[in-house]
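Asker: Mind having a look at this structure? Questions to follow.
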Amino acid sequence: MRDTVGGVDSVVLRELVDVVGPAHVLTDRDVVASHEVDWTGRFRGSTSAVVRPADTAEVAGVLDVCRRHGLPVVPQGGNTGMVGGGVPLAGELVLDLRRLDHVGEVDVAAKQITVGAGATVEAVQRAAAAAGLRYAVDFGARGTATIGGSIATNAGGINVLRYGGTREQLLGVEAVLGTGEVISRLSGLVKDNTGYHLAGLLCGSEGTLGVVTAARLRLVPSHRHTVTALVAFESVATAIEAVSGWRSSLDVLDAAEIVLHDGVALVASAFGYSLPFEQPCAAHVLVEVSAHSDPTDLLAQAVADATGVVDVAVAHDAARRAVLWRYREEHTAAINTVGVPHKFDVTVPIAGLAEFMATVPQVVRSVEPDAVTWQFGHVGDGNIHVNVTGAAPDAEALDEQVYRYVVACGGSISAEHGIGTAKAKWLPMNRSAGELATMRAIKRALDPVGIMNPGVLLAR
Ligand code: FAD
Ligand code: MLT
Ligand code: ZN
């Protein structure tokens with residue numbers, strides 16, 4: 001009989017140590033603890049080991065050990081994911097990819113950069129800015145979320161309406177597939193019609209097909225002027241209508257984010273800020289524009305043309321813009337101070353968005369009468385974050401009712417966070433039997449032994 005350490009065979013552990021070295025196979029309970037629970041605290045599991053490879057060859061070596069021993073593995077980047085896809089809920093090995101944090105030189109002529117999967121989104125943004133360019137994907141977890149995690153989840157964020165999400169920035173990837181195959185396409189050719197777009201397939205695959213180890217990313221121009229305004233509206237409906245108009249009239253529009261009165265008040269009380277305006281108002285839109293020539297007048301005209309505006313605060317310099325952004329970006333942390341949330345990251349057609357936002361709290365109350373509903377998010381692209389506190393983490397009836405309502409509105413149960421384990425059961429609401437069978441066939445082909453993030457995306 002062979003020894004086990006926390007469930008993993010000591011022979012397997014020795015093989016893992018042979019690949020990455022003893023300092024990078026972590027088994028100490030206190031050390032692995034932070035890898036076992038997600039950012040929200042809703043998803044908690046356990047692992048016998050966290051393995052920290054340094055490069056693509058070591059990732060391939062670790063997956064080889066896992067494949068030979070039939071050991072399931074959860075790839076993990078910054079562990080900021082919101083759908084329970086990056087934590088070991090069924091005792092899997094954790095593959096921590098943060099040591100692959102190489103940030104290459106910016107190719108200014110091509111407006112591209114090659115980076116390791118473990119580099120943070122912020123590190124890439126900084127490198128781009130230092131070269132006078134910009135990485136277009138941006139969201140509140142930028143300082144912790146990794147490029148690998150953002151590719152695996154096809155992360156969206158605040159600039160999708162102008163530049164698209166992560167998939168639109170992705171020119172190629174290097175990855176180790178579940179088969180053991182290492183694929184690498186980092187040349188950055190913009191036009192390259194030579195068969196299946198494997199980077200696009202891996203983007204959004206949530207670690208179920210393989211491990212992304214590096215990526216070639218598109219960069220965009222960094223504009224000379226950026227202006228941010230927090231616009232207060234008398235109602236959610238007028239706020240949504242205004243944003244819809246701005247999307248046509250303002251071609252300098254980078255972001256349009258909605259926050260409601262109760263969420264702004266929560267952020268203010270949780271972090272000791274004053275409220276942005278003297279009069280409370282139903283909805284606020286955080287709008288940001290950028291261009292080489294000053295877009296202030298364009299923004300002012302757009303706000304003046306909107307109906308239902310009751311107040312506005314404008315900021316030009318980075319420090320004042322950050323003060324406005326905190327009312328939006330600190331929603332996630334503020335809601336976590338109230339309780340462990342159910343996070344519904346949904347999108348519905350713009351035409352039905354106002355009615356959806358008015359009705360969804362009633363849908364929540366119909367199954368959880370004492371729960372509180374918070375709504376905020378990327379109104380410019382129809383993506384609203386419906387968060388619910390005061391319900392048990394495993395309150396499945398709540399999830400089912402909200403998702404049924406989203407689908408009845410013609411929406412998607414995941415706009416940008418992915419499916420993870422949290423929504424795997426509900427995926428058939430949005431995907432046909434044919435689509436699910438195709439996804440399962442791809443999964444079998446690229447991960448024949450089934451070691452890559454089992455239980456994520458496609459329910460067991
Ligand atoms: P992790 O949480 O570690 O993993 C996420 C998934 O990717 C898991 O399934 C994991 O197995 C897989 N994975 C990780 N690395 C790899 C890899 N190298 N290869 C293969 N699979 C891998 N998301 C948005 O889309 N838009 C937002 O606006 C947004 N805002 C956020 C704000 C806050 C405050 C927080 C906490 C989160 C936010 N998120 C947002 C969610 C989260 O940050 C993103 O999903 C992010 O892309 C996750 O990156 P990560 O490195 O933390 O991945
Ligand atoms: C956001 O837009 O702030 C995020 O996606 C995180 C969240 O949903 O809390
Ligand atoms: Zn979001």
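All residue names refer to the structure tokens as shown: chains lettered A, B, ... in order, residues numbered from 1 in each chain, ligands numbered from 1 in order.
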When DSSP works through the backbone of this structure, what residues of region 12-60 of chain A end up as helix (DSSP H, G or I), shown as a list in words?

Answerer: Val12, Leu13, Arg14, Glu15, Leu16, Val17, Asp18, Val19, Val20, Pro22, Ala23, His24, Arg29, Asp30, Val31, Val32, Ala33, Ser34, His35, Thr56, Ala57, Glu58, Val59 and Ala60 of chain A

Asker: Find the nearest atom pair between each residue of chain A and ligand 2 for residues within 10 Å, count only C-alpha atoms and all ligand atoms, give distances in Å to one decimal, sort rows by chain and ascending number, and present the table as a tab-separated table.

Answerer:
```
residue	atom	partner	partner_atom_place_in_ligand_line	distance
A:Trp39	CA	ligand 2	9 (O)	9.9
A:Thr40	CA	ligand 2	9 (O)	8.8
A:Thr80	CA	ligand 2	6 (C)	9.0
A:Gly81	CA	ligand 2	6 (C)	8.8
A:Met82	CA	ligand 2	8 (O)	7.2
A:Asp138	CA	ligand 2	2 (O)	9.8
A:Phe139	CA	ligand 2	2 (O)	6.6
A:Gly140	CA	ligand 2	3 (O)	6.0
A:Ala141	CA	ligand 2	6 (C)	7.9
A:Ala155	CA	ligand 2	5 (O)	8.6
A:Gly156	CA	ligand 2	5 (O)	7.9
A:Gly157	CA	ligand 2	2 (O)	6.0
A:Ile158	CA	ligand 2	2 (O)	7.2
A:Glu257	CA	ligand 2	2 (O)	8.7
A:Arg328	CA	ligand 2	3 (O)	7.4
A:Glu329	CA	ligand 2	3 (O)	5.7
A:Glu330	CA	ligand 2	3 (O)	7.5
A:His331	CA	ligand 2	3 (O)	6.6
A:Thr332	CA	ligand 2	9 (O)	4.1
A:Ala333	CA	ligand 2	9 (O)	7.6
A:Ala334	CA	ligand 2	9 (O)	9.5
A:Ile335	CA	ligand 2	9 (O)	8.2
A:Asn336	CA	ligand 2	9 (O)	9.0
A:Pro341	CA	ligand 2	9 (O)	9.1
A:His342	CA	ligand 2	8 (O)	9.9
A:Lys343	CA	ligand 2	8 (O)	6.5
A:Phe344	CA	ligand 2	8 (O)	7.7
A:Asp345	CA	ligand 2	8 (O)	6.3
A:Val346	CA	ligand 2	8 (O)	9.6
A:Gln375	CA	ligand 2	8 (O)	9.4
A:Phe376	CA	ligand 2	2 (O)	7.7
A:Gly377	CA	ligand 2	2 (O)	5.4
A:His378	CA	ligand 2	2 (O)	6.7
A:Asn383	CA	ligand 2	2 (O)	8.8
A:Ile384	CA	ligand 2	2 (O)	8.3
A:His385	CA	ligand 2	8 (O)	5.3
A:Val386	CA	ligand 2	8 (O)	7.9
A:Asn387	CA	ligand 2	8 (O)	7.6
A:Ala415	CA	ligand 2	5 (O)	9.2
A:Glu416	CA	ligand 2	5 (O)	7.2
A:His417	CA	ligand 2	5 (O)	6.8
```

Asker: Can you list every residue in region 2-91 of chain A that DSSP puts in strand (DSSP E or B), as a PyMOL selection string?

Answerer: chain A and resi 4-5+8-9+25-26+37+44+50-51+73-76

Asker: Identify, on the basis of only C-alpha atoms, every residue whose closest approach to Leu398 (chain A) does not exceed 10 Å; exclude the query and any residue fewer than 4 positions from it along the same chain; express the result as a VMD selection string.

Answerer: chain A and resid 342 363 to 368 371 388 391 to 394 402 to 404

Asker: Any chance you can output those residues with N, CA, C and O atoms as a compact mmCIF listing (two decimals), in the first residue's frame?

Answerer:
```
# COMPACT_ATOMS: atom_id res chain seq x y z
N HIS A 342 -25.57 35.59 -4.23
CA HIS A 342 -25.79 34.85 -5.48
C HIS A 342 -25.57 35.88 -6.57
O HIS A 342 -26.16 36.96 -6.53
N VAL A 363 -39.22 38.71 -8.88
CA VAL A 363 -38.94 37.29 -9.13
C VAL A 363 -38.13 36.72 -7.95
O VAL A 363 -38.40 35.62 -7.46
N VAL A 364 -37.15 37.49 -7.49
CA VAL A 364 -36.33 37.05 -6.35
C VAL A 364 -37.22 36.86 -5.12
O VAL A 364 -37.18 35.83 -4.45
N ARG A 365 -38.06 37.87 -4.84
CA ARG A 365 -38.91 37.81 -3.63
C ARG A 365 -39.91 36.65 -3.69
O ARG A 365 -40.30 36.13 -2.66
N SER A 366 -40.28 36.24 -4.91
CA SER A 366 -41.27 35.15 -5.00
C SER A 366 -40.70 33.84 -4.46
O SER A 366 -41.45 32.97 -4.04
N VAL A 367 -39.37 33.70 -4.45
CA VAL A 367 -38.78 32.47 -3.88
C VAL A 367 -38.01 32.73 -2.58
O VAL A 367 -37.87 31.84 -1.75
N GLU A 368 -37.52 33.95 -2.42
CA GLU A 368 -36.75 34.29 -1.20
C GLU A 368 -37.30 35.61 -0.67
O GLU A 368 -36.72 36.69 -0.91
N ALA A 371 -34.84 38.16 0.91
CA ALA A 371 -33.57 38.45 0.24
C ALA A 371 -33.57 39.88 -0.30
O ALA A 371 -34.62 40.48 -0.54
N VAL A 388 -27.87 38.93 -5.25
CA VAL A 388 -28.89 38.70 -4.23
C VAL A 388 -28.19 38.29 -2.94
O VAL A 388 -27.42 37.33 -2.91
N ALA A 391 -29.87 35.03 0.90
CA ALA A 391 -30.34 33.69 0.53
C ALA A 391 -29.19 32.71 0.80
O ALA A 391 -28.02 33.08 0.67
N ALA A 392 -29.53 31.49 1.15
CA ALA A 392 -28.49 30.49 1.42
C ALA A 392 -27.67 30.25 0.15
O ALA A 392 -28.22 30.31 -0.96
N PRO A 393 -26.34 29.99 0.29
CA PRO A 393 -25.52 29.77 -0.90
C PRO A 393 -26.05 28.66 -1.82
O PRO A 393 -25.88 28.72 -3.02
N ASP A 394 -26.73 27.68 -1.24
CA ASP A 394 -27.22 26.57 -2.08
C ASP A 394 -28.71 26.70 -2.42
O ASP A 394 -29.36 25.71 -2.77
N VAL A 402 -34.66 32.88 -11.33
CA VAL A 402 -34.07 34.05 -11.99
C VAL A 402 -33.65 33.68 -13.42
O VAL A 402 -33.94 34.41 -14.38
N TYR A 403 -33.00 32.52 -13.58
CA TYR A 403 -32.55 32.16 -14.93
C TYR A 403 -33.74 31.91 -15.86
O TYR A 403 -33.68 32.24 -17.04
N ARG A 404 -34.81 31.30 -15.33
CA ARG A 404 -35.99 31.10 -16.19
C ARG A 404 -36.53 32.45 -16.67
O ARG A 404 -36.93 32.60 -17.82
```

Asker: When you draw a straight line from CA of Val106 (chain A) to CA of Arg142 (chain A), how long is it in Å?

Answerer: 18.9 Å

Asker: I want to know what sits within 7 Å of Leu230 (chain A), based on only C-alpha atoms, with residues of the same chain fewer than 2 positions away left out; could you give that as JSON, numbers by chain?

Answerer: {"A": [228, 232, 284, 285, 286, 287, 312, 313, 314, 324]}

Asker: Which residues, written as number ranges by chain, have at least one atom at most 9 Å from region 123-136 of chain A, with only C-alpha atoms counted and residues fewer than 5 positions away on the same chain left out?

Answerer: A: 101, 103-108, 111-113, 115, 142-143, 147, 159-160, 162-166, 169, 217-223

Asker: So which one's closest to Leu353 (chain A), A:Ser274, A:Thr389, A:Ser290, A:Ser244? Using only C-alpha atoms, please.

Answerer: A:Ser244

Asker: Could you check the closest approach to ligand 3 for each of A:Arg216, A:Gly118, A:Gly418, A:Ser293 and tell me which residue wins, using only C-alpha atoms and all ligand atoms?

Answerer: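 Closest to ligand 3 of all the choices is A:Gly418.
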
Asker: Determine, counting only C-alpha atoms, which protein, DNA and RNA residues have an atom within 10 Å of an atom of Asp251 (chain A); residues of the same chain fewer than 3 positions away are not included. Present the result as a CSV table (one decimal) with all heavy atoms, in the first residue's frame.

Answerer:
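In the end it all went to part19.csv:
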```csv
chain,number,residue,atom,x,y,z
A,162,ARG,N,-17.0,49.5,-26.9
A,162,ARG,CA,-16.2,50.1,-27.9
A,162,ARG,C,-15.2,49.1,-28.5
A,162,ARG,O,-14.9,49.2,-29.7
A,162,ARG,CB,-15.4,51.3,-27.3
A,162,ARG,CG,-14.6,52.1,-28.3
A,162,ARG,CD,-14.2,53.4,-27.8
A,162,ARG,NE,-13.6,54.3,-28.8
A,162,ARG,CZ,-13.2,55.5,-28.6
A,162,ARG,NH1,-13.4,56.1,-27.5
A,162,ARG,NH2,-12.7,56.2,-29.6
A,246,TRP,N,-26.8,57.5,-26.6
A,246,TRP,CA,-25.4,57.8,-26.7
A,246,TRP,C,-24.6,56.8,-27.5
A,246,TRP,O,-23.6,57.2,-28.1
A,246,TRP,CB,-24.8,57.9,-25.2
A,246,TRP,CG,-25.4,59.0,-24.4
A,246,TRP,CD1,-26.0,60.1,-24.8
A,246,TRP,CD2,-25.4,59.0,-23.0
A,246,TRP,NE1,-26.5,60.8,-23.8
A,246,TRP,CE2,-26.1,60.3,-22.6
A,246,TRP,CE3,-24.9,58.2,-21.9
A,246,TRP,CZ2,-26.3,60.6,-21.3
A,246,TRP,CZ3,-25.1,58.6,-20.6
A,246,TRP,CH2,-25.8,59.8,-20.3
A,247,ARG,N,-25.1,55.6,-27.5
A,247,ARG,CA,-24.3,54.6,-28.3
A,247,ARG,C,-24.4,54.9,-29.8
A,247,ARG,O,-23.5,54.5,-30.5
A,247,ARG,CB,-24.9,53.2,-28.0
A,247,ARG,CG,-24.6,52.7,-26.6
A,247,ARG,CD,-24.6,51.2,-26.6
A,247,ARG,NE,-23.6,50.6,-27.4
A,247,ARG,CZ,-23.6,49.3,-27.8
A,247,ARG,NH1,-24.6,48.6,-27.4
A,247,ARG,NH2,-22.6,48.9,-28.6
A,248,SER,N,-25.4,55.6,-30.2
A,248,SER,CA,-25.4,56.0,-31.6
A,248,SER,C,-24.8,57.4,-31.8
A,248,SER,O,-24.1,57.6,-32.8
A,248,SER,CB,-26.9,56.2,-32.1
A,248,SER,OG,-27.6,55.0,-31.8
A,254,ASP,N,-16.5,55.1,-24.5
A,254,ASP,CA,-15.7,53.9,-24.0
A,254,ASP,C,-16.5,53.0,-23.1
A,254,ASP,O,-16.4,51.8,-23.1
A,254,ASP,CB,-14.5,54.3,-23.2
A,254,ASP,CG,-13.3,54.7,-24.0
A,254,ASP,OD1,-13.4,54.6,-25.3
A,254,ASP,OD2,-12.3,55.1,-23.5
A,289,VAL,N,-15.7,58.9,-22.0
A,289,VAL,CA,-15.4,59.0,-23.4
A,289,VAL,C,-13.9,59.3,-23.5
A,289,VAL,O,-13.3,59.9,-22.6
A,289,VAL,CB,-16.2,60.2,-24.0
A,289,VAL,CG1,-17.7,59.9,-24.1
A,289,VAL,CG2,-16.0,61.5,-23.2
A,290,SER,N,-13.3,58.9,-24.7
A,290,SER,CA,-11.9,59.3,-24.9
A,290,SER,C,-11.7,59.5,-26.4
A,290,SER,O,-12.4,58.9,-27.2
A,290,SER,CB,-11.0,58.2,-24.3
A,290,SER,OG,-11.0,57.0,-25.2
A,291,ALA,N,-10.7,60.4,-26.7
A,291,ALA,CA,-10.4,60.7,-28.0
A,291,ALA,C,-9.1,61.5,-28.1
A,291,ALA,O,-8.7,62.0,-27.0
A,291,ALA,CB,-11.5,61.6,-28.6
A,298,LEU,N,-18.7,67.2,-26.8
A,298,LEU,CA,-19.5,66.1,-27.3
A,298,LEU,C,-20.3,65.5,-26.2
A,298,LEU,O,-21.5,65.2,-26.3
A,298,LEU,CB,-18.7,65.1,-28.0
A,298,LEU,CG,-18.0,65.5,-29.3
A,298,LEU,CD1,-17.1,64.3,-29.8
A,298,LEU,CD2,-19.1,65.7,-30.4
```

Asker: Can you pull out the residues contacting region 192-208 of chain A? Cut-off 8 Å, using only C-alpha atoms, and skip same-chain residues under 4 positions away; I want them as a VMD selection string.

Answerer: chain A and resid 74 to 75 85 149 151 to 154 166 to 167 170 to 173 212 418 420 443 447 452 to 454 456 to 457
